[in-house]
>>> print(open('my_file_30.pdb').read())   # PDB, C-alpha atoms
ATOM      1  CA  MET D1000     -43.154  29.944   8.122
ATOM      2  CA  LEU D1001     -39.594  30.702   9.190
ATOM      3  CA  ARG D1002     -36.970  30.519   6.486
ATOM      4  CA  PRO D1003     -33.412  29.569   7.463
ATOM      5  CA  LYS D1004     -31.072  32.543   7.436
ATOM      6  CA  PHE D1005     -27.315  32.491   7.444
ATOM      7  CA  MET D1006     -24.409  34.701   6.594
ATOM      8  CA  LEU D1007     -22.475  33.757   3.448
ATOM      9  CA  GLY D1008     -19.233  34.480   5.268
ATOM     10  CA  THR D1009     -20.058  31.923   7.936
ATOM     11  CA  LEU D1010     -20.847  29.214   5.398
ATOM     12  CA  ALA D1011     -17.793  30.077   3.321
ATOM     13  CA  ALA D1012     -15.581  29.793   6.375
ATOM     14  CA  ALA D1013     -17.081  26.420   7.208
ATOM     15  CA  LEU D1014     -16.515  25.149   3.677
ATOM     16  CA  LEU D1015     -12.936  26.395   3.744
ATOM     17  CA  VAL D1016     -12.338  24.378   6.894
ATOM     18  CA  ALA D1017     -13.741  21.304   5.151
ATOM     19  CA  ALA D1018     -11.563  21.804   2.096
ATOM     20  CA  ALA D1019      -8.342  22.806   3.828
ATOM     21  CA  GLY D1020      -5.525  20.296   4.082
ATOM     22  CA  PRO D1021      -3.927  18.403   5.501
ATOM     23  CA  VAL D1022      -6.351  18.871   8.438
ATOM     24  CA  HIS D1023      -9.838  17.538   7.723
ATOM     25  CA  ALA D1024     -12.995  18.212   9.720
ATOM     26  CA  ASP D1025     -16.651  17.297   9.334
ATOM     27  CA  ILE D1026     -19.003  20.285   9.263
ATOM     28  CA  TYR D1027     -22.143  20.328  11.421
ATOM     29  CA  ARG D1028     -25.127  22.690  11.379
ATOM     30  CA  TYR D1029     -28.391  23.428  13.096
ATOM     31  CA  VAL D1030     -31.222  25.922  12.566
ATOM     32  CA  ASP D1031     -32.217  27.839  15.689
ATOM     33  CA  GLU D1032     -35.709  29.001  16.707
ATOM     34  CA  ASN D1033     -35.233  32.234  14.748
ATOM     35  CA  GLY D1034     -34.422  30.395  11.556
ATOM     36  CA  LYS D1035     -30.741  31.254  11.697
ATOM     37  CA  VAL D1036     -28.359  28.558  10.453
ATOM     38  CA  HIS D1037     -25.281  27.810  12.556
ATOM     39  CA  PHE D1038     -22.190  25.948  11.352
ATOM     40  CA  THR D1039     -19.263  24.439  13.258
ATOM     41  CA  ASN D1040     -16.618  21.787  12.915
ATOM     42  CA  VAL D1041     -16.572  21.250  16.694
ATOM     43  CA  PRO D1042     -20.201  20.628  17.735
ATOM     44  CA  GLN D1043     -20.853  21.324  21.426
ATOM     45  CA  ASP D1044     -24.620  21.352  21.191
ATOM     46  CA  SER D1045     -26.814  18.290  20.671
ATOM     47  CA  ARG D1046     -28.873  20.178  18.080
ATOM     48  CA  TYR D1047     -26.024  20.105  15.570
ATOM     49  CA  ARG D1048     -26.346  17.551  12.778
ATOM     50  CA  LEU D1049     -23.729  16.419  10.274
ATOM     51  CA  PHE D1050     -23.828  18.664   7.203
ATOM     52  CA  ILE D1051     -20.622  17.880   5.266
ATOM     53  CA  ALA D1052     -18.572  14.734   5.802
ATOM     54  CA  THR D1053     -14.998  15.274   4.641
ATOM     55  CA  ASN D1054     -12.611  12.585   3.459
ATOM     56  CA  LYS D1055     -10.208  11.393   6.103
ATOM     57  CA  GLU D1056      -6.542  11.013   5.281
ATOM     58  CA  PRO D1057      -5.062   7.654   6.322
ATOM     59  CA  ASP D1058      -2.771   7.823   9.318
ATOM     60  CA  ALA D1059       0.972   8.057   8.822
ATOM     61  CA  VAL D1060       1.635   4.362   9.430
ATOM     62  CA  THR D1061      -1.042   3.269   6.966
ATOM     63  CA  SER D1062       0.239   5.721   4.368
ATOM     64  CA  SER D1063       3.801   4.628   4.842
ATOM     65  CA  PHE D1064       3.406   0.891   4.894
ATOM     66  CA  HIS D1065       0.287   0.261   2.857
ATOM     67  CA  ASN D1066       0.598   2.796   0.067
ATOM     68  CA  ARG D1067       4.326   3.143  -0.436
ATOM     69  CA  TYR D1068       5.027  -0.557  -0.917
ATOM     70  CA  ARG D1069       3.226  -1.512  -4.076
ATOM     71  CA  PRO D1070       3.341  -5.100  -5.379
ATOM     72  CA  TYR D1071       6.134  -5.838  -7.814
ATOM     73  CA  PRO D1072       5.016  -6.434 -11.405
ATOM     74  CA  ARG D1073       3.759  -9.909 -12.212
ATOM     75  CA  THR D1074       6.674 -10.406 -14.618
ATOM     76  CA  ASP D1075       9.140 -10.045 -11.717
ATOM     77  CA  ARG D1076       7.170 -12.352  -9.444
ATOM     78  CA  LYS D1077       6.636 -14.960 -12.163
ATOM     79  CA  LYS D1078      10.381 -15.471 -12.737
ATOM     80  CA  TYR D1079      10.856 -17.347  -9.484
ATOM     81  CA  HIS D1080       7.311 -18.432  -8.733
ATOM     82  CA  ALA D1081       7.974 -22.112  -9.436
ATOM     83  CA  HIS D1082      10.864 -22.156  -6.932
ATOM     84  CA  ILE D1083       8.737 -20.250  -4.434
ATOM     85  CA  MET D1084       5.854 -22.700  -4.783
ATOM     86  CA  ALA D1085       8.196 -25.653  -4.276
ATOM     87  CA  ALA D1086       9.734 -24.077  -1.162
ATOM     88  CA  ALA D1087       6.298 -23.145   0.184
ATOM     89  CA  ARG D1088       5.160 -26.773  -0.113
ATOM     90  CA  ALA D1089       8.371 -28.108   1.416
ATOM     91  CA  PHE D1090       8.188 -25.873   4.477
ATOM     92  CA  SER D1091       4.421 -25.361   4.841
ATOM     93  CA  LEU D1092       4.566 -21.650   4.087
ATOM     94  CA  GLU D1093       2.270 -19.433   2.084
ATOM     95  CA  PRO D1094       3.794 -18.472  -1.270
ATOM     96  CA  ALA D1095       2.590 -14.915  -0.645
ATOM     97  CA  LEU D1096       4.792 -14.704   2.449
ATOM     98  CA  ILE D1097       7.902 -15.818   0.583
ATOM     99  CA  HIS D1098       7.129 -13.336  -2.181
ATOM    100  CA  ALA D1099       6.715 -10.626   0.464
ATOM    101  CA  VAL D1100      10.106 -11.340   2.029
ATOM    102  CA  ILE D1101      11.800 -11.343  -1.375
ATOM    103  CA  SER D1102      10.111  -8.047  -2.260
ATOM    104  CA  ALA D1103      11.370  -6.426   0.916
ATOM    105  CA  GLU D1104      14.818  -8.022   0.894
ATOM    106  CA  SER D1105      15.993  -7.784  -2.705
ATOM    107  CA  GLY D1106      13.205  -6.539  -4.972
ATOM    108  CA  TYR D1107      13.594  -9.784  -6.975
ATOM    109  CA  ASN D1108      17.254  -9.114  -7.750
ATOM    110  CA  PRO D1109      18.996 -12.524  -7.487
ATOM    111  CA  LEU D1110      22.419 -10.857  -7.408
ATOM    112  CA  ALA D1111      21.594  -8.450  -4.577
ATOM    113  CA  ARG D1112      24.285  -8.038  -1.928
ATOM    114  CA  SER D1113      24.161  -6.038   1.278
ATOM    115  CA  ALA D1114      26.963  -4.206   3.030
ATOM    116  CA  LYS D1115      26.632  -6.735   5.869
ATOM    117  CA  GLY D1116      27.268  -9.693   3.575
ATOM    118  CA  ALA D1117      23.722 -10.909   2.869
ATOM    119  CA  LYS D1118      23.214 -12.271  -0.630
ATOM    120  CA  GLY D1119      20.551 -13.186  -3.132
ATOM    121  CA  LEU D1120      16.805 -12.995  -3.369
ATOM    122  CA  MET D1121      16.136 -13.612   0.332
ATOM    123  CA  GLN D1122      19.393 -11.963   1.458
ATOM    124  CA  LEU D1123      20.932 -14.920   3.259
ATOM    125  CA  MET D1124      23.802 -14.197   5.607
ATOM    126  CA  PRO D1125      26.792 -16.545   5.204
ATOM    127  CA  GLY D1126      26.026 -18.325   8.469
ATOM    128  CA  THR D1127      22.379 -18.858   7.544
ATOM    129  CA  ALA D1128      23.308 -20.101   4.082
ATOM    130  CA  LYS D1129      25.730 -22.630   5.565
ATOM    131  CA  ARG D1130      23.187 -23.673   8.196
ATOM    132  CA  TYR D1131      20.686 -24.665   5.505
ATOM    133  CA  GLY D1132      23.086 -26.167   3.006
ATOM    134  CA  VAL D1133      23.104 -23.311   0.526
ATOM    135  CA  ASP D1134      26.363 -23.579  -1.406
ATOM    136  CA  ASN D1135      25.629 -20.684  -3.753
ATOM    137  CA  PRO D1136      23.347 -18.014  -2.264
ATOM    138  CA  LEU D1137      23.231 -16.250  -5.637
ATOM    139  CA  ASP D1138      21.475 -19.253  -7.156
ATOM    140  CA  PRO D1139      17.730 -18.408  -6.970
ATOM    141  CA  GLU D1140      16.535 -21.942  -6.255
ATOM    142  CA  GLN D1141      19.045 -22.560  -3.458
ATOM    143  CA  ASN D1142      18.522 -19.103  -1.988
ATOM    144  CA  ILE D1143      14.734 -19.417  -1.878
ATOM    145  CA  HIS D1144      14.966 -22.899  -0.390
ATOM    146  CA  GLY D1145      17.349 -21.725   2.337
ATOM    147  CA  GLY D1146      15.379 -18.572   3.096
ATOM    148  CA  ALA D1147      12.117 -20.481   3.301
ATOM    149  CA  ALA D1148      13.696 -23.084   5.602
ATOM    150  CA  TYR D1149      14.932 -20.338   7.915
ATOM    151  CA  LEU D1150      11.604 -18.522   7.889
ATOM    152  CA  SER D1151       9.765 -21.752   8.706
ATOM    153  CA  TYR D1152      12.158 -22.389  11.590
ATOM    154  CA  LEU D1153      11.615 -18.885  12.970
ATOM    155  CA  LEU D1154       7.832 -19.226  12.846
ATOM    156  CA  LYS D1155       8.037 -22.433  14.881
ATOM    157  CA  LEU D1156      10.555 -20.902  17.268
ATOM    158  CA  PHE D1157       8.280 -17.941  18.027
ATOM    159  CA  GLY D1158       4.997 -19.832  18.212
ATOM    160  CA  ASN D1159       3.797 -18.789  14.730
ATOM    161  CA  ASP D1160       4.022 -15.122  15.702
ATOM    162  CA  LEU D1161       4.671 -13.656  12.257
ATOM    163  CA  ASN D1162       5.776 -10.282  13.605
ATOM    164  CA  LEU D1163       8.494 -11.861  15.744
ATOM    165  CA  ALA D1164       9.538 -14.277  13.006
ATOM    166  CA  LEU D1165      10.020 -11.404  10.576
ATOM    167  CA  ALA D1166      11.848  -9.345  13.179
ATOM    168  CA  ALA D1167      14.171 -12.302  13.749
ATOM    169  CA  TYR D1168      14.688 -12.731  10.010
ATOM    170  CA  ASN D1169      15.887  -9.153   9.898
ATOM    171  CA  ALA D1170      17.737  -8.769  13.191
ATOM    172  CA  GLY D1171      18.496 -12.362  14.191
ATOM    173  CA  GLU D1172      16.655 -14.739  16.467
ATOM    174  CA  GLY D1173      19.063 -14.111  19.332
ATOM    175  CA  THR D1174      18.362 -10.387  19.215
ATOM    176  CA  VAL D1175      14.585 -10.925  19.440
ATOM    177  CA  MET D1176      15.100 -13.237  22.431
ATOM    178  CA  GLU D1177      17.441 -10.729  24.029
ATOM    179  CA  TYR D1178      14.622  -8.178  23.981
ATOM    180  CA  GLY D1179      12.198 -10.530  25.688
ATOM    181  CA  ASN D1180      10.588 -11.918  22.525
ATOM    182  CA  ARG D1181       9.681  -8.465  21.310
ATOM    183  CA  ILE D1182      10.522  -6.590  18.147
ATOM    184  CA  PRO D1183      13.955  -5.026  18.777
ATOM    185  CA  PRO D1184      13.985  -1.221  18.975
ATOM    186  CA  TYR D1185      16.090  -0.898  15.836
ATOM    187  CA  GLN D1186      14.735   1.525  13.256
ATOM    188  CA  GLU D1187      15.518  -0.863  10.409
ATOM    189  CA  THR D1188      13.645  -3.743  12.043
ATOM    190  CA  LYS D1189      10.699  -1.582  13.089
ATOM    191  CA  GLN D1190      10.312  -0.552   9.457
ATOM    192  CA  TYR D1191      11.062  -3.982   8.013
ATOM    193  CA  VAL D1192       8.264  -5.887   9.766
ATOM    194  CA  PRO D1193       5.340  -3.719   8.560
ATOM    195  CA  LYS D1194       6.995  -3.478   5.151
ATOM    196  CA  VAL D1195       6.904  -7.259   4.692
ATOM    197  CA  LEU D1196       3.414  -7.480   6.160
ATOM    198  CA  SER D1197       2.223  -4.875   3.674
ATOM    199  CA  TYR D1198       3.542  -6.893   0.746
ATOM    200  CA  TYR D1199       2.171 -10.092   2.285
ATOM    201  CA  LYS D1200      -1.317  -8.666   2.650
ATOM    202  CA  LYS D1201      -1.358  -7.493  -0.955
ATOM    203  CA  TYR D1202       0.065 -10.699  -2.430
ATOM    204  CA  LYS D1203      -2.458 -12.814  -0.532
ATOM    205  CA  THR D1204      -5.259 -11.172  -2.488
ATOM    206  CA  MET D1205      -3.448 -11.763  -5.776
ATOM    207  CA  MET D1206      -2.618 -15.456  -5.472
TER     208      MET D1206
END
>>> encode(input="my_file_30.pdb", output="structure tokens")
Amino acid sequence: MLRPKFMLGTLAAALLVAAAGPVHADIYRYVDENGKVHFTNVPQDSRYRLFIATNKEPDAVTSSFHNRYRPYPRTDRKKYHAHIMAAARAFSLEPALIHAVISAESGYNPLARSAKGAKGLMQLMPGTAKRYGVDNPLDPEQNIHGGAAYLSYLLKLFGNDLNLALAAYNAGEGTVMEYGNRIPPYQETKQYVPKVLSYYKKYKTMM
């Protein structure tokens, strides 16, 4: 009876490939007619069979937008949850989506202000605040109501395409239309949309 033979150096090299980072590779092996064991991480022979399956690192986009943005603590979310629920009912939105926008826009800071003039939890621009009757954008209830009204409008405007609605919330509806109803090629907007979607996905499982 033939006993498999292999060189320790060959196996060690294969295991080092499996353990090395950040590149990961499955290790395959086969035993030839002489009982010799062969290892590779790039099988080019149908006789190779999987020997060691290594863990795969998530791709850069998944790492960036699904690991970096962790849900805010329940204590932060609970502060304004009643206002969020009321706005969600009024404008037929999911509470998780409103929470996601607030997380991305202000991190639940009702006094947040941007260099461009946006204010409050949902970072309403002066024109948007006026458009939806928000007299004091730093008032959480008014701000959430106005932001939810605008978000609902954008969803209807873009045929319930959440990606476009969020892009418009960030860059303006006119800008999205200008680019042919596509996400504008602005770095901030390209990062903003998956950021909100990441929060949204997580909050949906928690509510």
>>> residues_around(input="my_file_30.pdb", residues="range 1098-1108 of chain D", least_positions_apart="5", cutoff="6 Å", atoms="all atoms listed in the file", output="PyMOL selection string")
chain D and resi 1120-1121+1195+1198-1199
>>> atom_distance(input="my_file_30.pdb", atom1="CA of Thr1127 in chain D", atom2="CA of Lys1115 in chain D")
13.0 Å
>>> resolve_selection(input="my_file_30.pdb", expression="the PyMOL selection byres ((chain D and resi 1095) around 9)", output="ChimeraX atom specification")
/D:1083,1092-1094,1096-1100,1198-1206
>>> resolve_selection(input="my_file_30.pdb", expression="the PyMOL selection byres ((chain D and resi 1081) around 12)", output="list of chain:residue names")
D:Arg1076, D:Lys1077, D:Lys1078, D:Tyr1079, D:His1080, D:His1082, D:Ile1083, D:Met1084, D:Ala1085, D:Ala1086, D:Ala1087, D:Arg1088, D:Pro1094, D:Ile1097, D:His1098, D:Pro1139, D:Glu1140, D:Ile1143, D:His1144
>>> atom_distance(input="my_file_30.pdb", atom1="CA of Leu1137 in chain D", atom2="CA of Ala1111 in chain D")
8.0 Å
>>> resolve_selection(input="my_file_30.pdb", expression="the PyMOL selection byres ((chain D and resi 1161) around 12)", output="VMD selection string")
chain D and resid 1092 to 1093 1096 1100 1150 to 1160 1162 to 1168 1180 to 1182 1192 to 1193 1195 to 1196 1199
>>> closest_residue(input="my_file_30.pdb", among="D:Asn1142, D:Thr1188, D:Asn1040, D:Thr1074", to="Met1124 in chain D", atoms="all atoms listed in the file")
D:Asn1142
>>> atom_distance(input="my_file_30.pdb", atom1="CA of Ser1091 in chain D", atom2="CA of Ala1148 in chain D")
9.6 Å
>>> closest_residue(input="my_file_30.pdb", among="D:Asn1169, D:Gln1141, D:Gln1122, D:Asn1135", to="Lys1189 in chain D", atoms="only C-alpha atoms")
D:Asn1169
>>> closest_residue(input="my_file_30.pdb", among="D:Pro1136, D:Gly1145, D:Gly1173, D:Gly1126", to="Arg1112 in chain D", atoms="all atoms listed in the file")
D:Pro1136
>>> closest_residue(input="my_file_30.pdb", among="D:Asp1025, D:Asp1138, D:Pro1072, D:Ala1114", to="Phe1038 in chain D", atoms="only C-alpha atoms")
D:Asp1025
>>> decode(input="my_file_30.pdb", residues="range 1098-1157 of chain D", atoms="C-alpha atoms", output="mmCIF file, in the first residue's frame")
data_model
loop_
_atom_site.group_PDB
_atom_site.id
_atom_site.type_symbol
_atom_site.label_atom_id
_atom_site.label_comp_id
_atom_site.auth_asym_id
_atom_site.auth_seq_id
_atom_site.Cartn_x
_atom_site.Cartn_y
_atom_site.Cartn_z
ATOM 1 C CA HIS D 1098 -32.931 57.304 11.811
ATOM 2 C CA ALA D 1099 -30.380 56.440 9.117
ATOM 3 C CA VAL D 1100 -30.462 59.935 7.620
ATOM 4 C CA ILE D 1101 -30.105 61.533 11.051
ATOM 5 C CA SER D 1102 -27.175 59.239 11.856
ATOM 6 C CA ALA D 1103 -25.386 60.232 8.677
ATOM 7 C CA GLU D 1104 -26.305 63.918 8.781
ATOM 8 C CA SER D 1105 -25.806 64.957 12.395
ATOM 9 C CA GLY D 1106 -25.080 61.942 14.595
ATOM 10 C CA TYR D 1107 -28.169 62.895 16.655
ATOM 11 C CA ASN D 1108 -26.813 66.348 17.481
ATOM 12 C CA PRO D 1109 -29.839 68.704 17.300
ATOM 13 C CA LEU D 1110 -27.559 71.754 17.251
ATOM 14 C CA ALA D 1111 -25.385 70.547 14.370
ATOM 15 C CA ARG D 1112 -24.507 73.163 11.760
ATOM 16 C CA SER D 1113 -22.605 72.728 8.522
ATOM 17 C CA ALA D 1114 -20.300 75.169 6.788
ATOM 18 C CA LYS D 1115 -22.881 75.374 3.983
ATOM 19 C CA GLY D 1116 -25.639 76.509 6.334
ATOM 20 C CA ALA D 1117 -27.491 73.241 7.000
ATOM 21 C CA LYS D 1118 -28.881 72.931 10.511
ATOM 22 C CA GLY D 1119 -30.249 70.439 12.982
ATOM 23 C CA LEU D 1120 -30.763 66.720 13.154
ATOM 24 C CA MET D 1121 -31.540 66.251 9.452
ATOM 25 C CA GLN D 1122 -29.322 69.161 8.355
ATOM 26 C CA LEU D 1123 -31.958 71.262 6.626
ATOM 27 C CA MET D 1124 -30.738 73.990 4.315
ATOM 28 C CA PRO D 1125 -32.477 77.359 4.804
ATOM 29 C CA GLY D 1126 -34.409 77.004 1.554
ATOM 30 C CA THR D 1127 -35.607 73.504 2.427
ATOM 31 C CA ALA D 1128 -36.611 74.584 5.923
ATOM 32 C CA LYS D 1129 -38.657 77.465 4.520
ATOM 33 C CA ARG D 1130 -40.191 75.214 1.864
ATOM 34 C CA TYR D 1131 -41.603 72.892 4.528
ATOM 35 C CA GLY D 1132 -42.597 75.483 7.090
ATOM 36 C CA VAL D 1133 -39.758 74.917 9.525
ATOM 37 C CA ASP D 1134 -39.385 78.131 11.515
ATOM 38 C CA ASN D 1135 -36.652 76.821 13.804
ATOM 39 C CA PRO D 1136 -34.476 74.108 12.236
ATOM 40 C CA LEU D 1137 -32.725 73.598 15.578
ATOM 41 C CA ASP D 1138 -35.986 72.408 17.114
ATOM 42 C CA PRO D 1139 -35.862 68.575 16.853
ATOM 43 C CA GLU D 1140 -39.566 68.078 16.173
ATOM 44 C CA GLN D 1141 -39.735 70.713 13.429
ATOM 45 C CA ASN D 1142 -36.456 69.579 11.897
ATOM 46 C CA ILE D 1143 -37.477 65.920 11.729
ATOM 47 C CA HIS D 1144 -40.872 66.830 10.299
ATOM 48 C CA GLY D 1145 -39.305 69.002 7.594
ATOM 49 C CA GLY D 1146 -36.588 66.491 6.753
ATOM 50 C CA ALA D 1147 -39.078 63.649 6.524
ATOM 51 C CA ALA D 1148 -41.365 65.733 4.291
ATOM 52 C CA TYR D 1149 -38.464 66.476 1.955
ATOM 53 C CA LEU D 1150 -37.306 62.866 1.898
ATOM 54 C CA SER D 1151 -40.833 61.683 1.101
ATOM 55 C CA TYR D 1152 -41.044 64.208 -1.733
ATOM 56 C CA LEU D 1153 -37.723 63.043 -3.176
ATOM 57 C CA LEU D 1154 -38.766 59.390 -3.110
ATOM 58 C CA LYS D 1155 -41.903 60.232 -5.090
ATOM 59 C CA LEU D 1156 -39.955 62.464 -7.459
ATOM 60 C CA PHE D 1157 -37.484 59.688 -8.301
#
